[in-house]
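One file, protein02.cif, carrying mmCIF, C-alpha atoms:
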data_coords
#
loop_
_atom_site.label_atom_id
_atom_site.label_comp_id
_atom_site.auth_asym_id
_atom_site.auth_seq_id
_atom_site.Cartn_x
_atom_site.Cartn_y
_atom_site.Cartn_z
CA MET W 1 16.05 24.30 38.60
CA THR W 2 17.18 23.35 35.10
CA TRP W 3 15.18 20.78 33.18
CA TYR W 4 18.05 18.29 33.33
CA ALA W 5 18.40 18.69 37.09
CA ARG W 6 14.70 17.88 37.34
CA PHE W 7 15.27 14.91 35.02
CA ASP W 8 18.14 13.67 37.20
CA ALA W 9 15.90 13.89 40.25
CA LEU W 10 12.98 12.00 38.72
CA ALA W 11 14.59 9.44 36.41
CA PRO W 12 16.02 7.02 39.03
CA SER W 13 12.63 6.38 40.63
CA HIS W 14 10.61 6.41 37.42
CA PHE W 15 13.03 4.38 35.29
CA PRO W 16 15.35 2.42 37.61
CA GLY W 17 16.70 0.10 34.89
CA MET W 18 17.12 2.61 32.08
CA GLU W 19 20.57 3.44 30.75
CA ILE W 20 21.10 7.19 31.08
CA LEU W 21 24.23 9.08 30.03
CA ARG W 22 25.23 12.68 30.70
CA GLU W 23 26.76 14.98 28.10
CA GLU W 24 26.93 12.16 25.56
CA PRO W 25 28.70 13.11 22.28
CA MET W 26 26.22 12.79 19.44
CA GLY W 27 29.04 12.08 17.00
CA ARG W 28 28.97 8.55 18.45
CA HIS W 29 25.35 8.15 17.40
CA THR W 30 25.09 9.69 13.93
CA THR W 31 26.35 8.26 10.66
CA PHE W 32 27.95 11.62 9.79
CA ARG W 33 30.10 11.08 12.92
CA VAL W 34 29.73 14.72 13.96
CA GLY W 35 27.82 16.46 16.72
CA GLY W 36 28.43 17.79 20.19
CA PRO W 37 26.98 16.42 23.42
CA ALA W 38 23.34 15.84 24.27
CA ARG W 39 22.60 17.14 27.75
CA ARG W 40 21.05 13.77 28.66
CA PHE W 41 20.90 10.55 26.61
CA ALA W 42 18.49 7.73 27.49
CA ARG W 43 18.02 4.22 26.14
CA PRO W 44 14.58 2.82 27.08
CA GLY W 45 14.40 -0.96 27.00
CA THR W 46 10.76 -1.49 26.03
CA GLU W 47 8.04 0.27 24.09
CA ALA W 48 6.15 0.87 27.35
CA GLU W 49 9.21 2.41 28.97
CA CYS W 50 9.86 4.60 25.95
CA ALA W 51 6.25 5.80 25.92
CA ALA W 52 6.38 6.50 29.67
CA LEU W 53 9.59 8.51 29.25
CA LEU W 54 8.09 10.56 26.43
CA GLU W 55 4.92 11.08 28.49
CA LEU W 56 6.93 12.36 31.44
CA ALA W 57 8.98 14.63 29.18
CA GLU W 58 5.76 16.05 27.73
CA GLU W 59 4.31 16.67 31.18
CA GLU W 60 7.50 18.33 32.42
CA GLY W 61 8.17 20.32 29.25
CA TRP W 62 11.58 18.77 28.62
CA PRO W 63 13.08 19.17 25.14
CA VAL W 64 13.38 15.79 23.40
CA LEU W 65 15.29 14.47 20.39
CA LEU W 66 14.22 11.01 19.30
CA LEU W 67 16.75 8.99 17.33
CA GLY W 68 17.48 5.50 16.10
CA ASN W 69 20.58 4.87 14.00
CA GLY W 70 21.17 8.60 13.49
CA SER W 71 21.49 8.09 9.75
CA ASN W 72 19.57 11.22 8.77
CA LEU W 73 20.72 13.65 11.45
CA LEU W 74 23.21 16.50 11.40
CA VAL W 75 23.79 17.72 14.95
CA SER W 76 25.44 21.02 15.91
CA ASP W 77 29.06 20.98 17.05
CA ASN W 78 27.84 22.74 20.20
CA GLY W 79 25.57 19.82 21.04
CA ILE W 80 21.92 19.99 22.03
CA ASP W 81 20.25 21.10 25.21
CA ALA W 82 17.82 18.21 25.06
CA LEU W 83 17.03 14.71 26.22
CA ALA W 84 18.09 12.36 23.43
CA VAL W 85 15.89 9.26 23.48
CA HIS W 86 17.58 6.40 21.64
CA THR W 87 15.31 3.59 20.41
CA GLY W 88 18.09 1.08 19.64
CA ARG W 89 16.92 -1.42 22.27
CA LEU W 90 13.43 -1.56 20.73
CA ASN W 91 14.68 -4.00 18.12
CA GLY W 92 12.44 -7.04 18.32
CA VAL W 93 10.97 -8.60 15.19
CA SER W 94 8.51 -11.44 14.65
CA ARG W 95 6.21 -12.97 12.11
CA THR W 96 2.70 -12.43 13.36
CA GLY W 97 0.90 -14.82 11.05
CA GLY W 98 0.51 -15.32 7.34
CA THR W 99 2.63 -12.75 5.55
CA ALA W 100 2.68 -10.16 8.36
CA ILE W 101 5.76 -8.97 10.25
CA GLN W 102 5.91 -6.74 13.31
CA ALA W 103 9.11 -5.00 14.43
CA GLY W 104 10.35 -2.41 16.90
CA ALA W 105 11.33 1.13 15.98
CA GLY W 106 14.99 0.60 16.80
CA LEU W 107 15.49 -2.36 14.47
CA ARG W 108 17.84 -1.52 11.62
CA LEU W 109 16.19 -1.69 8.23
CA SER W 110 18.92 -4.03 7.00
CA ASN W 111 18.04 -6.47 9.79
CA LEU W 112 14.34 -6.13 9.04
CA ALA W 113 14.97 -7.01 5.39
CA ALA W 114 17.19 -9.94 6.39
CA PHE W 115 14.48 -11.30 8.70
CA ALA W 116 11.91 -11.10 5.91
CA ARG W 117 14.28 -12.98 3.60
CA ARG W 118 14.71 -15.76 6.18
CA GLU W 119 10.92 -15.99 6.39
CA ASN W 120 10.68 -16.20 2.56
CA LEU W 121 8.74 -12.95 2.44
CA SER W 122 9.34 -10.33 -0.26
CA GLY W 123 8.76 -6.58 -0.33
CA LEU W 124 11.54 -5.20 1.84
CA GLU W 125 14.49 -5.91 -0.47
CA PHE W 126 14.85 -2.17 -1.19
CA ALA W 127 15.48 -1.52 2.52
CA HIS W 128 18.41 -3.90 2.84
CA GLY W 129 21.05 -1.23 2.18
CA ILE W 130 19.34 1.75 3.84
CA PRO W 131 21.39 2.57 6.95
CA GLY W 132 18.54 3.82 9.10
CA SER W 133 16.27 2.23 11.69
CA LEU W 134 12.63 1.28 11.28
CA GLY W 135 11.28 4.27 13.20
CA GLY W 136 13.17 6.78 11.13
CA GLY W 137 12.36 4.84 7.98
CA VAL W 138 8.64 5.14 8.69
CA CYS W 139 8.86 8.82 9.65
CA MET W 140 10.51 9.78 6.36
CA ASN W 141 8.88 7.05 4.25
CA ALA W 142 12.36 5.80 3.37
CA GLY W 143 12.88 4.30 -0.04
CA ALA W 144 15.38 3.26 -2.68
CA TYR W 145 15.43 1.66 -6.12
CA GLY W 146 11.71 1.97 -6.68
CA GLY W 147 10.62 0.70 -3.27
CA GLU W 148 9.42 2.64 -0.24
CA MET W 149 7.93 1.95 3.16
CA LYS W 150 4.49 3.07 2.00
CA GLN W 151 4.24 0.02 -0.26
CA VAL W 152 4.49 -2.53 2.56
CA LEU W 153 3.54 -0.71 5.78
CA THR W 154 0.12 -1.56 7.22
CA ALA W 155 0.11 0.14 10.66
CA VAL W 156 2.25 1.61 13.41
CA ALA W 157 2.08 1.80 17.18
CA ALA W 158 2.98 5.37 18.08
CA TRP W 159 3.09 7.60 21.11
CA LEU W 160 1.23 10.87 20.50
CA PRO W 161 1.15 13.88 22.83
CA GLY W 162 -2.07 14.00 24.78
CA ARG W 163 -3.25 10.69 23.33
CA GLY W 164 -0.75 8.15 24.58
CA VAL W 165 0.02 5.03 22.56
CA GLN W 166 -2.20 4.63 19.50
CA ARG W 167 -2.39 2.11 16.66
CA LEU W 168 -2.51 4.07 13.42
CA PRO W 169 -3.26 2.44 10.05
CA ALA W 170 -0.85 3.33 7.26
CA GLU W 171 -3.52 5.22 5.33
CA ASP W 172 -3.71 7.73 8.22
CA LEU W 173 0.02 8.51 8.16
CA ASP W 174 0.05 10.90 5.18
CA LEU W 175 2.91 8.97 3.60
CA GLY W 176 4.55 10.69 0.62
CA TYR W 177 8.00 11.37 -0.77
CA ARG W 178 10.29 11.51 2.29
CA HIS W 179 7.30 12.60 4.35
CA SER W 180 4.81 11.31 6.89
CA LEU W 181 2.46 12.54 9.59
CA PHE W 182 5.48 12.65 11.93
CA SER W 183 7.43 15.03 9.69
CA ASN W 184 5.53 18.06 10.98
CA SER W 185 3.83 16.78 14.13
CA PRO W 186 5.24 15.58 17.45
CA GLY W 187 5.04 11.90 18.21
CA ALA W 188 7.15 8.77 18.14
CA VAL W 189 6.88 5.51 16.23
CA LEU W 190 7.34 2.59 18.65
CA SER W 191 6.78 -0.33 16.29
CA ALA W 192 5.34 -1.10 12.88
CA GLU W 193 3.51 -3.84 11.02
CA PHE W 194 4.15 -4.90 7.43
CA HIS W 195 2.33 -6.98 4.86
CA LEU W 196 4.66 -8.85 2.49
CA VAL W 197 4.29 -11.50 -0.19
CA PRO W 198 5.64 -15.07 -0.27
CA GLN W 199 8.79 -15.55 -2.30
CA ASP W 200 11.68 -17.98 -2.49
CA GLY W 201 14.41 -16.91 -0.07
CA GLU W 202 17.18 -17.41 -2.62
CA ALA W 203 15.42 -15.12 -5.09
CA ILE W 204 15.02 -12.48 -2.37
CA GLN W 205 18.71 -12.78 -1.49
CA ALA W 206 19.69 -12.46 -5.14
CA MET W 207 17.73 -9.21 -5.41
CA MET W 208 19.30 -7.84 -2.23
CA ASP W 209 22.77 -8.79 -3.46
CA SER W 210 22.10 -7.03 -6.76
CA LEU W 211 20.98 -3.84 -5.02
CA SER W 212 23.95 -4.00 -2.65
CA LEU W 213 26.32 -4.24 -5.60
CA ARG W 214 24.71 -1.21 -7.23
CA ARG W 215 25.10 0.75 -4.00
CA ARG W 216 28.76 -0.17 -3.59
CA GLU W 217 29.50 0.79 -7.18
CA LYS W 218 27.71 4.14 -7.09
CA GLN W 219 27.72 5.37 -3.50
CA PRO W 220 30.63 6.46 -1.24
CA LEU W 221 29.87 3.89 1.45
CA GLU W 222 33.47 4.00 2.71
CA TYR W 223 32.95 7.49 4.19
CA PRO W 224 30.63 8.74 6.95
CA SER W 225 27.59 10.48 5.50
CA ALA W 226 23.84 10.73 5.88
CA GLY W 227 23.12 9.17 2.52
CA SER W 228 21.55 11.44 -0.06
CA THR W 229 22.01 14.96 1.26
CA PHE W 230 19.22 16.59 -0.77
CA LYS W 231 15.69 15.61 -1.70
CA ARG W 232 15.02 14.90 -5.36
CA PRO W 233 13.72 18.14 -6.95
CA ALA W 234 10.77 17.77 -9.31
CA GLY W 235 11.95 16.84 -12.77
CA HIS W 236 15.60 16.54 -11.77
CA TYR W 237 18.12 14.52 -9.79
CA ALA W 238 20.04 16.42 -7.13
CA GLY W 239 23.31 14.59 -7.86
CA GLY W 240 23.08 15.36 -11.57
CA LEU W 241 22.47 19.06 -10.96
CA ILE W 242 25.36 19.27 -8.49
CA GLU W 243 27.73 17.55 -10.92
CA GLN W 244 26.47 19.75 -13.78
CA CYS W 245 27.47 22.79 -11.72
CA GLY W 246 31.05 21.54 -11.36
CA LEU W 247 30.79 20.85 -7.65
CA LYS W 248 31.87 17.22 -7.58
CA GLY W 249 34.80 16.96 -5.18
CA HIS W 250 34.31 20.47 -3.78
CA ARG W 251 35.47 20.72 -0.17
CA ILE W 252 34.98 22.94 2.82
CA GLY W 253 37.13 21.83 5.72
CA GLY W 254 36.67 18.10 6.17
CA ALA W 255 33.36 18.01 4.26
CA GLN W 256 33.33 17.10 0.58
CA VAL W 257 30.87 16.62 -2.25
CA SER W 258 31.59 12.99 -3.06
CA GLU W 259 33.59 12.38 -6.21
CA LYS W 260 31.76 9.07 -6.55
CA HIS W 261 28.20 10.43 -6.27
CA ALA W 262 27.59 14.17 -6.17
CA GLY W 263 24.33 13.70 -4.29
CA PHE W 264 26.32 12.72 -1.19
CA ILE W 265 28.21 15.06 1.11
CA ILE W 266 30.77 13.03 3.03
CA ASN W 267 32.94 13.42 6.11
CA THR W 268 36.48 12.79 4.87
CA GLY W 269 37.65 12.21 8.43
CA ALA W 270 37.77 15.46 10.34
CA ALA W 271 34.64 17.33 9.26
CA THR W 272 32.64 19.40 11.69
CA CYS W 273 28.94 20.12 11.54
CA ALA W 274 29.87 23.68 10.58
CA ASP W 275 31.88 22.37 7.60
CA ILE W 276 28.96 20.27 6.39
CA LEU W 277 26.42 23.07 6.82
CA ALA W 278 28.68 25.49 4.95
CA LEU W 279 29.06 23.03 2.09
CA ILE W 280 25.31 22.38 1.95
CA ALA W 281 24.69 26.14 1.74
CA HIS W 282 27.37 26.55 -0.95
CA VAL W 283 25.89 23.77 -3.06
CA GLN W 284 22.37 25.19 -2.71
CA GLU W 285 23.52 28.68 -3.72
CA ALA W 286 25.58 27.49 -6.69
CA VAL W 287 22.89 25.16 -8.04
CA TYR W 288 20.19 27.80 -7.72
CA ARG W 289 22.36 30.45 -9.35
CA GLN W 290 23.27 28.23 -12.29
CA THR W 291 20.06 26.27 -12.83
CA GLY W 292 17.25 28.06 -10.97
CA VAL W 293 16.50 24.86 -9.02
CA SER W 294 16.23 25.01 -5.23
CA LEU W 295 17.68 22.02 -3.41
CA GLU W 296 16.04 21.07 -0.11
CA PRO W 297 18.12 19.10 2.40
CA GLU W 298 16.94 15.57 3.04
CA VAL W 299 19.10 15.37 6.15
CA ARG W 300 17.46 16.66 9.33
CA ILE W 301 19.49 19.52 10.78
CA ILE W 302 19.52 19.82 14.59
CA PRO W 303 20.80 23.34 15.47
#

So that I can check it, write out the structure of this file as structure tokens.
Amino acid sequence: MTWYARFDALAPSHFPGMEILREEPMGRHTTFRVGGPARRFARPGTEAECAALLELAEEEGWPVLLLGNGSNLLVSDNGIDALAVHTGRLNGVSRTGGTAIQAGAGLRLSNLAAFARRENLSGLEFAHGIPGSLGGGVCMNAGAYGGEMKQVLTAVAAWLPGRGVQRLPAEDLDLGYRHSLFSNSPGAVLSAEFHLVPQDGEAIQAMMDSLSLRRREKQPLEYPSAGSTFKRPAGHYAGGLIEQCGLKGHRIGGAQVSEKHAGFIINTGAATCADILALIAHVQEAVYRQTGVSLEPEVRIIP
């Protein structure tokens, strides 16, 4: 019996209210707008349900891909033989007293920042324009314009294999540049807690508006992409190196190095995952050959 046949047999009794889709195109769930079907696609409605699903998958040995807004994923055109667990319904947010906020893993970072602004709490302005969800933002210690999750995160509730749901303080998460404990270890962020500082809501909004304007002016937000394609190499900026090598505007199929910001590879409308991967490889080879600098993808590639 295949793993997905076993899943189909068990899921109705274990998770009677869960939305489950078969052969769901991942292009519908990634900001690159590419990717073939996931064998099974599930949307748990609560943290407990999500943890129970992950626990069952661990016990049964089912392959799992956890995703939120899909803003940092590049999925194969052939799809994935896995259970995609989508956290989008885990999107609650509340002020838990004083300057603390708690929110679910599926909440978009833009909505998290907007909630903090309504509560007159500062510290998440940098996250307002990041297209990802909270869970992914924690896992990669997302940041922009001098801010990052590490600066405001206090703890997470996470499901860990063999340990169940645990509360982990931020200092135990090994947070660094686009890195966390979850970068190299299995597990899933279910929710997170933040400590912010009081600030006038209008001042917070003004800062978010300023950052949004900078993004619109410098980034190709009108095209599907996964944001910055490459991590920042030590002592350099990826976009600057790529432009220096004459690659701005370079295309393979429907994938293009953005003419607006060379650090972005964009889908001009009909790109495939194969196009994007080929362009990533071409950029890496050309930059290394001309500058000696190795570019490491920031986007997570799902073969």

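With all atoms listed in the file as the basis for measurement, W:Asn141 is the residue among W:Gln219, W:Gln151, W:Asn141, W:Ser212 that approaches Leu181 (chain W) most closely.
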
- Task: Excluding His261 (chain W) and any residue of its chain fewer than 3 positions from it, enumerate the residues within 8 Å of it, using only C-alpha atoms, and give them as a list of chain:residue names.
- Result: W:Lys218, W:Gln219, W:Pro220, W:Gly239, W:Lys248, W:Val257, W:Ser258, W:Phe264

- Apply the PyMOL selection byres ((chain W and resi 41) around 6) to the file shown and report the selected residues as a ChimeraX atom specification. /W:20-21,40,42,83-84

Resulting file, chosen residues, C-alpha atoms, as a short mmCIF file (atom, residue, chain, number, x, y, z; two decimals), in the coordinates of the input:
data_model
loop_
_atom_site.label_atom_id
_atom_site.label_comp_id
_atom_site.auth_asym_id
_atom_site.auth_seq_id
_atom_site.Cartn_x
_atom_site.Cartn_y
_atom_site.Cartn_z
CA ILE W 20 21.10 7.19 31.08
CA LEU W 21 24.23 9.08 30.03
CA ARG W 40 21.05 13.77 28.66
CA ALA W 42 18.49 7.73 27.49
CA LEU W 83 17.03 14.71 26.22
CA ALA W 84 18.09 12.36 23.43
#

- Query: Using the chain letters and numbers from the file, which residues does the PyMOL selection byres ((chain W and resi 242) around 12) grab, as a ChimeraX atom specification?
  - Reply: /W:229-230,232-233,236-241,243-250,257-259,261-265,279-280,282-291,293-295

- Note on the structure: What separates CA of Thr87 (chain W) and CA of Gly68 (chain W) is a distance of 5.2 Å

- Item | Hits of the PyMOL selection byres ((chain W and resi 100) around 8) in this structure, as a ChimeraX atom specification | /W:95-99,101-102,193-196

Mind writing the picked residues with C-alpha atoms as a short mmCIF file (atom, residue, chain, number, x, y, z; two decimals), keeping the file's coordinate frame?
data_model
loop_
_atom_site.label_atom_id
_atom_site.label_comp_id
_atom_site.auth_asym_id
_atom_site.auth_seq_id
_atom_site.Cartn_x
_atom_site.Cartn_y
_atom_site.Cartn_z
CA ARG W 95 6.21 -12.97 12.11
CA THR W 96 2.70 -12.43 13.36
CA GLY W 97 0.90 -14.82 11.05
CA GLY W 98 0.51 -15.32 7.34
CA THR W 99 2.63 -12.75 5.55
CA ILE W 101 5.76 -8.97 10.25
CA GLN W 102 5.91 -6.74 13.31
CA GLU W 193 3.51 -3.84 11.02
CA PHE W 194 4.15 -4.90 7.43
CA HIS W 195 2.33 -6.98 4.86
CA LEU W 196 4.66 -8.85 2.49
#

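Using only C-alpha atoms for every distance, the candidate list W:Leu109, W:Met18, W:Arg216, W:Pro303 yields W:Pro303 as the residue closest to Ala38 (chain W).
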